[in-house]
Amino acid sequence: PIPGKLIYRGIDLNDIVNEAITKDRFLFEEVVWLLLFGTLPNKDHLERFSRILESHRELPDGFPETMIMNAPSPNIMNKMARSVLAMYSYDDKADDTSLENIIKQSINLIAELPTMMIYAYETKLHVYDHKSLYFHYPIPGLSSAEHILSIYRPDQKFTHEEAKLLDLCMVVHADHGGGNNSTFTTRVISSTGTDTYSSIAASIGALKGPKHGGANLKVMQQLDYLMKELNDPSDDQEVLDLLRKMLRKEAGDHSGLIYGIGHAVYTISDPRAQILKKQSHELACKKGFEKEWNLLCSIEKLAPEAFALEKKSTRRVCANVDLFSGLIYRMLNIAEDLYTPLFAIARVPGWCAHRMEEVEFADRLIRPAYRY
C-alpha cells in the first residue's frame with residue numbers, strides 16, 4: 001500500500017492544483033490542452049484555445065428547440081448522450097477518423113456539452129417539474145467553470161471563489177487512466193472504427209451507472225441519512241457502529257456499501273479526495289456546512305476500521321473522489337440532477353485523449369476474453 005498519485009501526461013495532479021491555487025488561475029482549459037496535446041500550453045496557445053472553446057459554446061441554430069426541448073428526458077445523462085449522438089447530423093465529416101478531424105470534433109464537444117447539460121436540465125425542470133424555463137446565451141470571456149455557473153443560475157451571478165472550486169472539481173475529474181469503465185468504453189467503441197459521437201455517447205452511458213459516475217449522488221444520500229440517524233455526528237463510536245450496521249446491510253440503503261470509500265487502484269489515499277477535502281473546508285465553514293464536512297472526515301477516518309472489523313480483512317481502503325465532490329456541488333447550490341453530468345463534462349477531455357490514442361496508434365479491434 002502506498003499513497004496514491006495521479007499523473008496527467010507526466011505532470012502530478014498536485015502540482016497542477018497548486019498552480020491553480022497559488023496563482024489564482026482557472027486551470028481546466030490548460031488541463032484540456034495538456035491531455036489532448038501532451039504538453040502545457042504557452043500563453044499564446046492558451047488565449048487562442050480559450051477563444052476557440054468560447055466560440056463553440058453556443059449550440060447550432062435550432063438545436064436547443066428540436067433536439068432538447070422537443071425530446072425532453074427526466075435524466076440529464078440520458079439527454080446528454082442523445083444530444084451528442086444528434087451532433088452527428090450537424091457534422092459534414094462525422095465519420096472522418098483522421099487525427100485532425102477527431103481533434104476538431106473533440107474540442108467542439110468539450111465546448112458544447114456544458115451548454116447541452118444546462119439546457120437539458122432547464123427543459124427537465126420545465127416539462128417534468130413545471131418550473132420557469134431559462135436558456136441563457138454564453139457570455140464571452142469566461143472560463144468553462146464560470147460559463148457553467150453563468151448559464152445555470154437564473155440571475156447568472158456567481159462568486160470568483162465558487163467558480164474556482166468548480167474549476168478544481170473539473171480538473172481532478174478530467175482523466176483517470178484507460179482502465180476506468182467509461183474510458184475503457186471509449187477505447188472499446190473507438191477500436192471498431194466508428195465515429196467520435198458514438199464513442200463519447202457510449203462513455204456517457206457508462207458513467208451514468210451508480211457504480212461509476214453516479215456514486216457522488218449516493219454519497220450525499222448516505223450523508224443525509226447519517227445526519228438524520230446519528231444523535232451526535234461528532235461521536236466516533238456512534239458513527240463507527242452505524243457504519244458497521246451499513247456493512248452488514250442492516251442500515252442505510254441495505255446495499256452493504258459505504259459510498260465514497262474504497263477504490264480499485266488506491267489503497268492509502270486517493271489524491272483527488274485529498275485535494276477536494278482540503279479545498280472545500282473554507283467554503284463549508286463559510287456556507288454553514290461544517291457539520292456535514294466534519295462527518296465526511298469521520299467517515300473517511302472510521303470506515304477502514306469498520307471494514308476491518310466486519311470483513312475480517314487486512315485490505316487497505318481509503319476515501320475516493322466521490323466522498324467530497326457531492327458536498328462541493330451542494331455548497332455551490334447545484335441540483336443533484338447535475339452531479340453526475342458535471343463529472344461527465346469534466347471527463348470528456350480524458351475520453352477524447354484516449355480515443356485519439358486508440359485510433360491513431362492501436363488500430364486493433366478490442367475483443368476481450370470473457371469467462372462466463
# chains A, B, ... in the order shown; residues from 1 in each chain; ligands from 1
$ residues_around --residues "Pro41 in chain A" --least-positions-apart "3" --cutoff "12 Å" --atoms "only C-alpha atoms" --output "list in words"
Leu27, Phe28, Glu29, Glu30, Val31, Val32, Trp33, Leu34, Leu35, Leu36, Phe37, Gly38, Asp44, His45, Leu46, Glu47, Arg48, Phe49 and Ser50 of chain A
$ write_last_selection --atoms "C-alpha atoms" --output "CSV table (one decimal), in the first residue's frame"
chain,number,residue,atom,x,y,z
A,27,LEU,CA,-6.8,25.6,-14.9
A,28,PHE,CA,-9.4,23.3,-16.6
A,29,GLU,CA,-8.7,24.7,-20.1
A,30,GLU,CA,-4.9,24.2,-19.6
A,31,VAL,CA,-5.6,20.6,-18.5
A,32,VAL,CA,-7.7,20.0,-21.6
A,33,TRP,CA,-4.8,21.2,-23.8
A,34,LEU,CA,-2.4,19.0,-21.8
A,35,LEU,CA,-4.5,15.9,-22.2
A,36,LEU,CA,-5.1,16.4,-25.9
A,37,PHE,CA,-1.7,17.6,-27.0
A,38,GLY,CA,0.7,16.2,-24.4
A,44,ASP,CA,-0.5,32.4,-26.8
A,45,HIS,CA,-1.8,28.9,-27.2
A,46,LEU,CA,-4.0,29.2,-24.2
A,47,GLU,CA,-5.5,32.5,-25.3
A,48,ARG,CA,-6.3,31.2,-28.8
A,49,PHE,CA,-7.6,27.9,-27.4
A,50,SER,CA,-9.8,29.6,-24.9
$ select_by_dssp --residues "range 215-350 of chain A" --states "helix (DSSP H, G or I)" --output "MDAnalysis selection string"
chainID A and resid 215:229 236:247 271:287 290:311 322:331 336:350
$ closest_residue --among "A:Met87, A:Ala120, A:Cys169, A:Cys297" --to "Asp61 in chain A" --atoms "only C-alpha atoms"
A:Met87
$ residues_around --residues "Val359 in chain A" --least-positions-apart "4" --cutoff "7 Å" --atoms "only C-alpha atoms" --output "ChimeraX atom specification"
/A:190-191,355,363
$ write_last_selection --atoms "C-alpha atoms" --output "PDB file, in the first residue's frame"
ATOM      1  CA  SER A 190     -13.214   3.641 -30.845  1.00  0.00           C
ATOM      2  CA  SER A 191     -11.421   0.393 -31.702  1.00  0.00           C
ATOM      3  CA  ARG A 355      -9.885   7.993 -28.270  1.00  0.00           C
ATOM      4  CA  ASP A 363      -5.744   0.223 -34.788  1.00  0.00           C
TER       5      ASP A 363
END
$ residues_around --residues "Ile110 in chain A" --least-positions-apart "4" --cutoff "7 Å" --atoms "only C-alpha atoms" --output "list in words"
Ser106, Val348 and Pro349 of chain A
$ residues_around --residues "Leu217 in chain A" --least-positions-apart "6" --cutoff "9 Å" --atoms "only C-alpha atoms" --output "list in words"
Pro210, Asp322, Gly326, Glu336, Asp337, Tyr339 and Thr340 of chain A
$ decode --residues "range 207-221 of chain A" --atoms "all heavy atoms" --output "mmCIF file, in the first residue's frame"
data_model
loop_
_atom_site.group_PDB
_atom_site.id
_atom_site.type_symbol
_atom_site.label_atom_id
_atom_site.label_comp_id
_atom_site.auth_asym_id
_atom_site.auth_seq_id
_atom_site.Cartn_x
_atom_site.Cartn_y
_atom_site.Cartn_z
ATOM 1 N N LEU A 207 -20.839 6.114 -17.678
ATOM 2 C CA LEU A 207 -20.670 6.933 -16.483
ATOM 3 C C LEU A 207 -21.989 7.133 -15.742
ATOM 4 O O LEU A 207 -22.007 7.424 -14.549
ATOM 5 C CB LEU A 207 -20.077 8.299 -16.861
ATOM 6 C CG LEU A 207 -19.492 9.121 -15.712
ATOM 7 C CD1 LEU A 207 -18.216 8.489 -15.204
ATOM 8 C CD2 LEU A 207 -19.226 10.553 -16.151
ATOM 9 N N LYS A 208 -23.096 6.973 -16.438
ATOM 10 C CA LYS A 208 -24.421 7.162 -15.845
ATOM 11 C C LYS A 208 -24.698 6.181 -14.710
ATOM 12 O O LYS A 208 -25.445 6.489 -13.780
ATOM 13 C CB LYS A 208 -25.493 7.008 -16.937
ATOM 14 C CG LYS A 208 -26.947 7.134 -16.472
ATOM 15 C CD LYS A 208 -27.888 7.070 -17.665
ATOM 16 C CE LYS A 208 -29.345 7.128 -17.250
ATOM 17 N NZ LYS A 208 -29.790 5.844 -16.687
ATOM 18 N N GLY A 209 -24.078 5.018 -14.757
ATOM 19 C CA GLY A 209 -24.359 3.987 -13.761
ATOM 20 C C GLY A 209 -23.962 4.389 -12.347
ATOM 21 O O GLY A 209 -22.906 4.999 -12.150
ATOM 22 N N PRO A 210 -24.777 4.047 -11.343
ATOM 23 C CA PRO A 210 -24.475 4.427 -9.958
ATOM 24 C C PRO A 210 -23.215 3.783 -9.398
ATOM 25 O O PRO A 210 -22.659 4.275 -8.423
ATOM 26 C CB PRO A 210 -25.718 3.963 -9.182
ATOM 27 C CG PRO A 210 -26.352 2.916 -10.040
ATOM 28 C CD PRO A 210 -26.057 3.330 -11.462
ATOM 29 N N LYS A 211 -22.731 2.711 -10.005
ATOM 30 C CA LYS A 211 -21.478 2.106 -9.547
ATOM 31 C C LYS A 211 -20.258 2.845 -10.090
ATOM 32 O O LYS A 211 -19.130 2.568 -9.693
ATOM 33 C CB LYS A 211 -21.410 0.629 -9.968
ATOM 34 C CG LYS A 211 -22.425 -0.257 -9.273
ATOM 35 C CD LYS A 211 -22.272 -1.701 -9.700
ATOM 36 C CE LYS A 211 -23.297 -2.595 -9.006
ATOM 37 N NZ LYS A 211 -23.167 -4.007 -9.434
ATOM 38 N N HIS A 212 -20.495 3.777 -11.018
ATOM 39 C CA HIS A 212 -19.380 4.531 -11.612
ATOM 40 C C HIS A 212 -19.600 6.016 -11.317
ATOM 41 O O HIS A 212 -19.385 6.466 -10.213
ATOM 42 C CB HIS A 212 -19.321 4.230 -13.112
ATOM 43 C CG HIS A 212 -18.090 4.737 -13.802
ATOM 44 N ND1 HIS A 212 -16.974 5.185 -13.134
ATOM 45 C CD2 HIS A 212 -17.807 4.882 -15.125
ATOM 46 C CE1 HIS A 212 -16.054 5.563 -14.011
ATOM 47 N NE2 HIS A 212 -16.542 5.392 -15.222
ATOM 48 N N GLY A 213 -20.093 6.767 -12.249
ATOM 49 C CA GLY A 213 -20.217 8.209 -12.059
ATOM 50 C C GLY A 213 -21.313 8.633 -11.114
ATOM 51 O O GLY A 213 -21.278 9.731 -10.561
ATOM 52 N N GLY A 214 -22.302 7.775 -10.903
ATOM 53 C CA GLY A 214 -23.421 8.141 -10.047
ATOM 54 C C GLY A 214 -23.135 8.015 -8.563
ATOM 55 O O GLY A 214 -24.004 8.293 -7.737
ATOM 56 N N ALA A 215 -21.900 7.659 -8.211
ATOM 57 C CA ALA A 215 -21.594 7.400 -6.807
ATOM 58 C C ALA A 215 -21.615 8.667 -5.954
ATOM 59 O O ALA A 215 -21.917 8.598 -4.761
ATOM 60 C CB ALA A 215 -20.229 6.715 -6.691
ATOM 61 N N ASN A 216 -21.295 9.837 -6.539
ATOM 62 C CA ASN A 216 -21.268 11.051 -5.711
ATOM 63 C C ASN A 216 -22.662 11.409 -5.198
ATOM 64 O O ASN A 216 -22.813 11.938 -4.095
ATOM 65 C CB ASN A 216 -20.624 12.229 -6.451
ATOM 66 C CG ASN A 216 -21.214 12.492 -7.811
ATOM 67 O OD1 ASN A 216 -22.298 12.012 -8.146
ATOM 68 N ND2 ASN A 216 -20.510 13.262 -8.618
ATOM 69 N N LEU A 217 -23.680 11.125 -5.985
ATOM 70 C CA LEU A 217 -25.054 11.338 -5.518
ATOM 71 C C LEU A 217 -25.390 10.375 -4.386
ATOM 72 O O LEU A 217 -26.034 10.746 -3.391
ATOM 73 C CB LEU A 217 -26.036 11.172 -6.676
ATOM 74 C CG LEU A 217 -27.531 11.300 -6.332
ATOM 75 C CD1 LEU A 217 -27.827 12.631 -5.663
ATOM 76 C CD2 LEU A 217 -28.378 11.134 -7.588
ATOM 77 N N LYS A 218 -24.936 9.122 -4.508
ATOM 78 C CA LYS A 218 -25.153 8.137 -3.454
ATOM 79 C C LYS A 218 -24.487 8.575 -2.147
ATOM 80 O O LYS A 218 -25.014 8.349 -1.049
ATOM 81 C CB LYS A 218 -24.605 6.775 -3.884
ATOM 82 C CG LYS A 218 -25.424 6.078 -4.951
ATOM 83 C CD LYS A 218 -26.730 5.552 -4.372
ATOM 84 C CE LYS A 218 -27.477 4.677 -5.344
ATOM 85 N NZ LYS A 218 -28.750 4.162 -4.771
ATOM 86 N N VAL A 219 -23.325 9.206 -2.259
ATOM 87 C CA VAL A 219 -22.631 9.701 -1.071
ATOM 88 C C VAL A 219 -23.482 10.736 -0.346
ATOM 89 O O VAL A 219 -23.593 10.728 0.886
ATOM 90 C CB VAL A 219 -21.258 10.303 -1.442
ATOM 91 C CG1 VAL A 219 -20.664 11.070 -0.253
ATOM 92 C CG2 VAL A 219 -20.289 9.218 -1.874
ATOM 93 N N MET A 220 -24.115 11.636 -1.099
ATOM 94 C CA MET A 220 -24.921 12.680 -0.475
ATOM 95 C C MET A 220 -26.191 12.112 0.155
ATOM 96 O O MET A 220 -26.618 12.555 1.223
ATOM 97 C CB MET A 220 -25.257 13.763 -1.493
ATOM 98 C CG MET A 220 -24.036 14.537 -1.980
ATOM 99 S SD MET A 220 -22.977 15.112 -0.621
ATOM 100 C CE MET A 220 -24.082 16.259 0.195
ATOM 101 N N GLN A 221 -26.785 11.126 -0.497
ATOM 102 C CA GLN A 221 -27.954 10.466 0.104
ATOM 103 C C GLN A 221 -27.551 9.749 1.389
ATOM 104 O O GLN A 221 -28.286 9.764 2.385
ATOM 105 C CB GLN A 221 -28.561 9.477 -0.897
ATOM 106 C CG GLN A 221 -29.185 10.158 -2.112
ATOM 107 C CD GLN A 221 -29.549 9.188 -3.223
ATOM 108 O OE1 GLN A 221 -29.131 8.029 -3.217
ATOM 109 N NE2 GLN A 221 -30.306 9.656 -4.198
#
